[in-house]
file data-v1.txt (compact mmCIF, C-alpha atoms)
# COMPACT_ATOMS: atom_id res chain seq x y z
CA MET P 1 7.59 13.63 -15.54
CA GLY P 2 8.16 16.55 -13.13
CA HIS P 3 7.59 16.52 -9.38
CA ARG P 4 4.35 18.48 -9.74
CA GLN P 5 2.72 15.95 -12.06
CA ARG P 6 4.01 13.00 -10.02
CA ILE P 7 2.49 14.48 -6.86
CA LEU P 8 -0.85 15.05 -8.59
CA GLU P 9 -0.95 11.50 -9.90
CA PHE P 10 0.00 10.15 -6.46
CA LEU P 11 -2.77 12.16 -4.76
CA ALA P 12 -5.29 11.15 -7.42
CA GLN P 13 -4.68 7.55 -6.34
CA TYR P 14 -3.97 8.16 -2.64
CA PRO P 15 -5.92 11.23 -1.47
CA GLY P 16 -5.26 12.67 1.96
CA ARG P 17 -1.53 11.92 2.16
CA ASP P 18 0.63 14.45 3.97
CA ASP P 19 3.82 16.05 2.69
CA ASP P 20 6.09 13.55 4.47
CA GLU P 21 4.21 10.57 3.02
CA ILE P 22 4.38 12.05 -0.47
CA ALA P 23 8.10 12.80 -0.19
CA ALA P 24 8.83 9.26 1.05
CA ALA P 25 6.68 7.49 -1.55
CA LEU P 26 8.01 9.47 -4.48
CA GLU P 27 11.56 9.80 -3.12
CA ILE P 28 11.57 13.59 -3.45
CA HIS P 29 14.36 15.25 -1.48
CA PRO P 30 14.47 17.49 0.40
CA ARG P 31 10.99 17.04 1.86
CA GLN P 32 10.48 20.82 1.77
CA THR P 33 10.25 20.55 -2.02
CA VAL P 34 6.94 18.72 -1.66
CA ASN P 35 5.67 21.32 0.80
CA GLN P 36 6.48 24.16 -1.58
CA ILE P 37 4.87 22.45 -4.59
CA CYS P 38 1.71 21.53 -2.68
CA ARG P 39 1.32 25.03 -1.25
CA ARG P 40 1.70 26.47 -4.72
CA MET P 41 -0.95 24.11 -6.11
CA ARG P 42 -3.23 25.04 -3.21
CA ASP P 43 -2.89 28.69 -4.23
CA GLU P 44 -3.81 27.66 -7.78
CA ASN P 45 -6.92 25.89 -6.41
CA LEU P 46 -5.66 22.50 -7.58
CA LEU P 47 -5.26 21.14 -4.05
CA ARG P 48 -7.06 21.43 -0.74
CA ARG P 49 -4.78 21.25 2.33
CA GLU P 50 -6.23 20.49 5.77
CA ARG P 51 -5.11 19.10 9.13
CA ASN P 52 -5.63 15.39 9.66
CA GLU P 53 -6.17 13.49 12.93
CA ARG P 54 -2.39 13.28 13.45
CA GLY P 55 -2.00 17.04 13.21
CA LYS P 56 -0.28 16.89 9.81
CA THR P 57 -1.39 18.68 6.65
CA ALA P 58 -3.21 16.30 4.31
CA ASN P 59 -3.56 17.03 0.59
CA PHE P 60 -6.60 16.47 -1.61
CA ILE P 61 -7.16 17.26 -5.29
CA VAL P 62 -9.94 19.83 -5.63
CA ALA P 63 -12.99 18.04 -7.05
CA ASN P 64 -13.82 20.67 -9.67
CA SER P 65 -10.24 21.39 -10.69
CA SER P 66 -9.23 21.16 -14.33
CA GLY P 67 -6.08 21.07 -16.39
CA ALA P 68 -3.18 19.20 -14.78
CA ALA P 69 -5.25 17.82 -11.88
CA ALA P 70 -7.98 16.52 -14.17
CA GLY P 71 -5.32 14.93 -16.35
CA ALA P 72 -3.84 13.23 -13.29
CA ILE P 73 -7.22 11.78 -12.37
CA ARG P 74 -7.73 10.47 -15.92
CA SER P 75 -4.26 8.97 -15.85
CA ILE P 76 -4.91 7.20 -12.55
CA ARG P 77 -8.24 5.85 -13.79
CA LYS P 78 -6.35 4.28 -16.68
CA LEU P 79 -3.67 2.94 -14.35
CA SER P 80 -6.27 1.40 -12.05
CA SER P 81 -7.17 -1.07 -14.80
CA GLU P 82 -3.51 -2.09 -15.15
CA PHE P 83 -2.24 -2.23 -11.55
CA MET P 84 -3.42 -4.57 -8.80
CA THR P 85 -4.84 -2.73 -5.80
CA GLU P 86 -4.55 -3.75 -2.16
CA ASP P 87 -8.24 -4.71 -2.08
CA GLN P 88 -7.72 -6.96 -5.11
CA VAL P 89 -4.92 -8.72 -3.24
CA LYS P 90 -7.22 -9.14 -0.24
CA ALA P 91 -10.06 -10.46 -2.38
CA ALA P 92 -7.84 -13.13 -3.97
CA LEU P 93 -6.52 -14.18 -0.57
CA GLU P 94 -10.04 -14.34 0.83
CA THR P 95 -11.06 -16.76 -1.92
CA THR P 96 -8.00 -18.95 -1.41
CA LEU P 97 -8.28 -19.00 2.38
CA LYS P 98 -11.99 -19.81 2.39
CA SER P 99 -11.44 -22.63 -0.11
CA ASN P 100 -8.97 -24.12 2.39
CA GLY P 101 -11.37 -24.00 5.32
CA TRP P 102 -10.39 -20.70 6.93
CA SER P 103 -12.91 -18.20 8.28
CA VAL P 104 -11.78 -14.74 7.25
CA LYS P 105 -12.15 -11.17 8.52
CA ILE P 106 -10.92 -8.40 6.20
CA ALA P 107 -10.36 -4.67 6.67
CA TRP P 108 -11.35 -3.31 3.25
CA GLY P 109 -10.18 -0.01 1.81
CA ARG P 110 -8.93 2.42 4.44
CA GLN P 111 -10.67 0.61 7.30
CA ARG P 112 -8.44 0.38 10.37
CA GLY P 113 -7.25 -2.88 11.85
CA ILE P 114 -5.61 -6.10 10.71
CA ASP P 115 -5.81 -6.45 6.92
CA ILE P 116 -6.69 -10.14 7.03
CA GLU P 117 -7.35 -12.23 10.13
CA ALA P 118 -8.04 -15.90 9.38
CA GLU P 119 -8.94 -18.71 11.80
CA ARG P 120 -9.25 -22.46 11.36
CA THR P 121 -9.63 -25.06 14.15
CA GLY P 122 -7.27 -23.52 16.67
CA GLU P 123 -5.05 -21.84 14.05
CA ARG P 124 -4.77 -18.08 13.55
CA TRP P 125 -3.18 -16.35 10.54
CA ILE P 126 -2.45 -12.61 10.43
CA ILE P 127 -1.73 -11.12 6.99
CA GLU P 128 -0.81 -7.56 6.07
CA CYS P 129 -1.27 -6.61 2.41
CA LYS P 130 -0.13 -4.00 -0.08
CA GLY P 131 -1.12 -3.23 -3.65
CA GLU P 132 1.19 -2.66 -6.54
CA GLY P 133 1.44 1.11 -6.72
CA SER P 134 1.82 3.06 -9.93
CA LEU P 135 5.46 4.07 -9.38
CA ALA P 136 8.47 1.77 -8.89
CA PRO P 137 9.84 3.60 -5.80
CA MET P 138 6.51 3.03 -4.07
CA GLN P 139 7.10 -0.74 -4.09
CA ASN P 140 10.26 -0.35 -1.98
CA ASN P 141 8.35 1.77 0.54
CA TYR P 142 5.39 -0.61 0.53
CA PHE P 143 7.63 -3.57 1.26
CA VAL P 144 9.31 -1.91 4.22
CA SER P 145 6.11 -0.40 5.61
CA VAL P 146 4.10 -3.64 5.46
CA ILE P 147 6.73 -5.45 7.55
CA GLY P 148 6.57 -2.65 10.11
CA GLU P 149 2.77 -2.81 10.18
CA LEU P 150 2.82 -6.58 10.62
CA MET P 151 5.32 -6.39 13.49
CA GLN P 152 2.84 -4.19 15.37
CA ARG P 153 0.29 -7.00 15.02
CA MET P 154 2.55 -9.70 16.49
CA SER P 155 0.85 -9.87 19.89
CA ASP P 156 -0.14 -13.54 19.52
CA PRO P 157 2.95 -15.79 19.78
CA HIS P 158 1.00 -18.74 18.40
CA ALA P 159 -0.33 -17.02 15.26
CA LYS P 160 1.15 -17.36 11.80
CA HIS P 161 2.22 -14.05 10.21
CA SER P 162 2.57 -13.17 6.52
CA ILE P 163 2.91 -10.24 4.18
CA ALA P 164 1.12 -10.22 0.82
CA PHE P 165 1.76 -8.45 -2.48
CA PRO P 166 0.88 -8.65 -6.17
CA ASP P 167 3.13 -11.22 -7.82
CA ARG P 168 5.66 -8.87 -9.41
CA PRO P 169 9.42 -9.31 -9.98
CA LYS P 170 10.25 -6.31 -7.77
CA PHE P 171 8.35 -7.64 -4.76
CA ARG P 172 9.84 -11.11 -5.26
CA ARG P 173 13.34 -9.63 -5.40
CA LEU P 174 12.76 -7.60 -2.24
CA TRP P 175 11.61 -10.76 -0.46
CA VAL P 176 14.67 -12.73 -1.61
CA GLU P 177 16.95 -9.90 -0.46
CA LEU P 178 15.38 -9.80 3.02
CA PRO P 179 17.88 -11.61 5.27
CA THR P 180 16.95 -15.19 6.11
CA THR P 181 17.64 -14.46 9.78
CA VAL P 182 14.87 -11.85 9.78
CA LYS P 183 12.41 -14.24 8.15
CA GLU P 184 13.25 -17.03 10.58
CA ARG P 185 13.18 -14.92 13.73
CA LEU P 186 9.84 -13.38 12.77
CA ARG P 187 8.59 -16.75 11.45
CA LEU P 188 7.48 -14.75 8.43
CA SER P 189 6.21 -15.85 5.02
CA ALA P 190 5.30 -13.91 1.89
CA LEU P 191 2.21 -14.41 -0.27
CA PHE P 192 2.30 -13.41 -3.93
CA VAL P 193 -0.97 -12.97 -5.80
CA SER P 194 -1.09 -13.22 -9.61
CA ASN P 195 -3.47 -11.32 -11.87
CA GLU P 196 -5.49 -14.52 -12.17
CA GLY P 197 -5.85 -14.80 -8.39
CA THR P 198 -3.34 -17.62 -7.89
CA VAL P 199 -1.55 -17.41 -4.55
CA VAL P 200 2.04 -18.59 -3.98
CA GLU P 201 3.53 -18.69 -0.46
CA LEU P 202 7.29 -18.43 0.16
CA SER P 203 8.92 -18.85 3.56
CA THR P 204 12.57 -18.26 2.62
call {"tool": "encode", "arguments": {"input": "data-v1.txt", "output": "structure tokens"}}
result
Amino acid sequence: MGHRQRILEFLAQYPGRDDDEIAAALEIHPRQTVNQICRRMRDENLLRRERNERGKTANFIVANSSGAAAGAIRSIRKLSSEFMTEDQVKAALETTLKSNGWSVKIAWGRQRGIDIEAERTGERWIIECKGEGSLAPMQNNYFVSVIGELMQRMSDPHAKHSIAFPDRPKFRRLWVELPTTVKERLRLSALFVSNEGTVVELST
């Protein structure tokens, strides 16, 4: 699959991502390659490019586009039935947490804030989540980014902190490869959610 089709499929699933985010997620180097491809697809009326709140150029597939863009959307719709999304991870965790007596607040979809904030009789649990992603390189980026996001939430020294992913071999391997010193100093655990909604927690 060429860069052009990969970018279309990525934007069909994650609309509004800028060139840097696309280049990082798909591991396309140099980054200027993404810029050139997206500008070309804008000229072909396949993409709409507009400034976002951070001053970067966000990319969106044109709603009435056809051909390659329409094929990308169909492909992503098929993938959505096969890959676990971030909201599916959150939903499974919500069920598990509530069944264990936690009250739960969740930031669904692209809502800003802590992904999952759970409280139970003086306890507080902060969880940042990621979905599976349709491309293998995305899982590496998701793993790194979710740790960074969680670290920004570590304002409460008494809270428990975790990262959560679909239960997939790649995410498990990335967790095992994370140095034990990092896990211990951050007092971090990982939650893995199966397709059936079963949740497994690992601390080391």
call {"tool": "closest_residue", "arguments": {"input": "data-v1.txt", "among": "P:Trp102, P:Trp125, P:Phe171, P:Trp108", "to": "P:Met138", "atoms": "all atoms listed in the file"}}
result
P:Phe171
call {"tool": "residues_near_point", "arguments": {"input": "data-v1.txt", "point": "(3.9, -14.2, 8.3)", "cutoff": "8 Å", "atoms": "all atoms listed in the file", "output": "PyMOL selection string"}}
result
chain P and resi 125-127+160-163+186-190
call {"tool": "residues_around", "arguments": {"input": "data-v1.txt", "residues": "P:Arg31", "least_positions_apart": "4", "cutoff": "8 Å", "atoms": "all atoms listed in the file", "output": "number ranges by chain"}}
result
P: 19-20, 23, 35
call {"tool": "write_last_selection", "arguments": {"input": "data-v1.txt", "atoms": "C-alpha atoms", "output": "compact mmCIF listing (two decimals), keeping the file's coordinate frame"}}
result
# COMPACT_ATOMS: atom_id res chain seq x y z
CA ASP P 19 3.82 16.05 2.69
CA ASP P 20 6.09 13.55 4.47
CA ALA P 23 8.10 12.80 -0.19
CA ASN P 35 5.67 21.32 0.80
call {"tool": "closest_residue", "arguments": {"input": "data-v1.txt", "among": "P:Asp87, P:Ser203, P:Asn45, P:Asn140", "to": "P:Gln111", "atoms": "only C-alpha atoms"}}
result
P:Asp87
call {"tool": "closest_residue", "arguments": {"input": "data-v1.txt", "among": "P:Ala25, P:Met84, P:Val193, P:Ala118", "to": "P:His3", "atoms": "all atoms listed in the file"}}
result
P:Ala25
call {"tool": "atom_distance", "arguments": {"input": "data-v1.txt", "atom1": "atom CA of P:Val62", "atom2": "atom CA of P:Leu11"}}
result
10.5 Å
call {"tool": "closest_residue", "arguments": {"input": "data-v1.txt", "among": "P:Gln13, P:Ser99, P:Thr85, P:Ser194", "to": "P:Phe60", "atoms": "all atoms listed in the file"}}
result
P:Gln13
call {"tool": "closest_residue", "arguments": {"input": "data-v1.txt", "among": "P:Met154, P:Ala159, P:Val199, P:Ile22", "to": "P:Lys90", "atoms": "only C-alpha atoms"}}
result
P:Val199
call {"tool": "atom_distance", "arguments": {"input": "data-v1.txt", "atom1": "atom CA of P:Lys170", "atom2": "atom CA of P:Gln139"}}
result
7.4 Å
call {"tool": "closest_residue", "arguments": {"input": "data-v1.txt", "among": "P:Ile61, P:Ile37, P:Ile147, P:Ala24", "to": "P:Ala12", "atoms": "only C-alpha atoms"}}
result
P:Ile61
call {"tool": "atom_distance", "arguments": {"input": "data-v1.txt", "atom1": "atom CA of P:Leu150", "atom2": "atom CA of P:Pro30"}}
result
28.6 Å
call {"tool": "axis_aligned_box", "arguments": {"input": "data-v1.txt", "around": "stretch 3-22 of chain P", "padding_each_side": "4 Å", "output": "lines of an AutoDock Vina configuration file"}}
result
center_x = 0.8
center_y = 13.0
center_z = -3.8
size_x = 21.5
size_y = 18.9
size_z = 24.5
call {"tool": "residues_near_point", "arguments": {"input": "data-v1.txt", "point": "(-7.1, -9.7, 8.1)", "cutoff": "8 Å", "atoms": "all atoms listed in the file", "output": "count of residues only"}}
result
13
call {"tool": "residues_around", "arguments": {"input": "data-v1.txt", "residues": "P:Thr121", "least_positions_apart": "2", "cutoff": "10 Å", "atoms": "all atoms listed in the file", "output": "list in words"}}
result
Gly101, Trp102, Ser103, Glu119, Glu123 and Arg124 of chain P
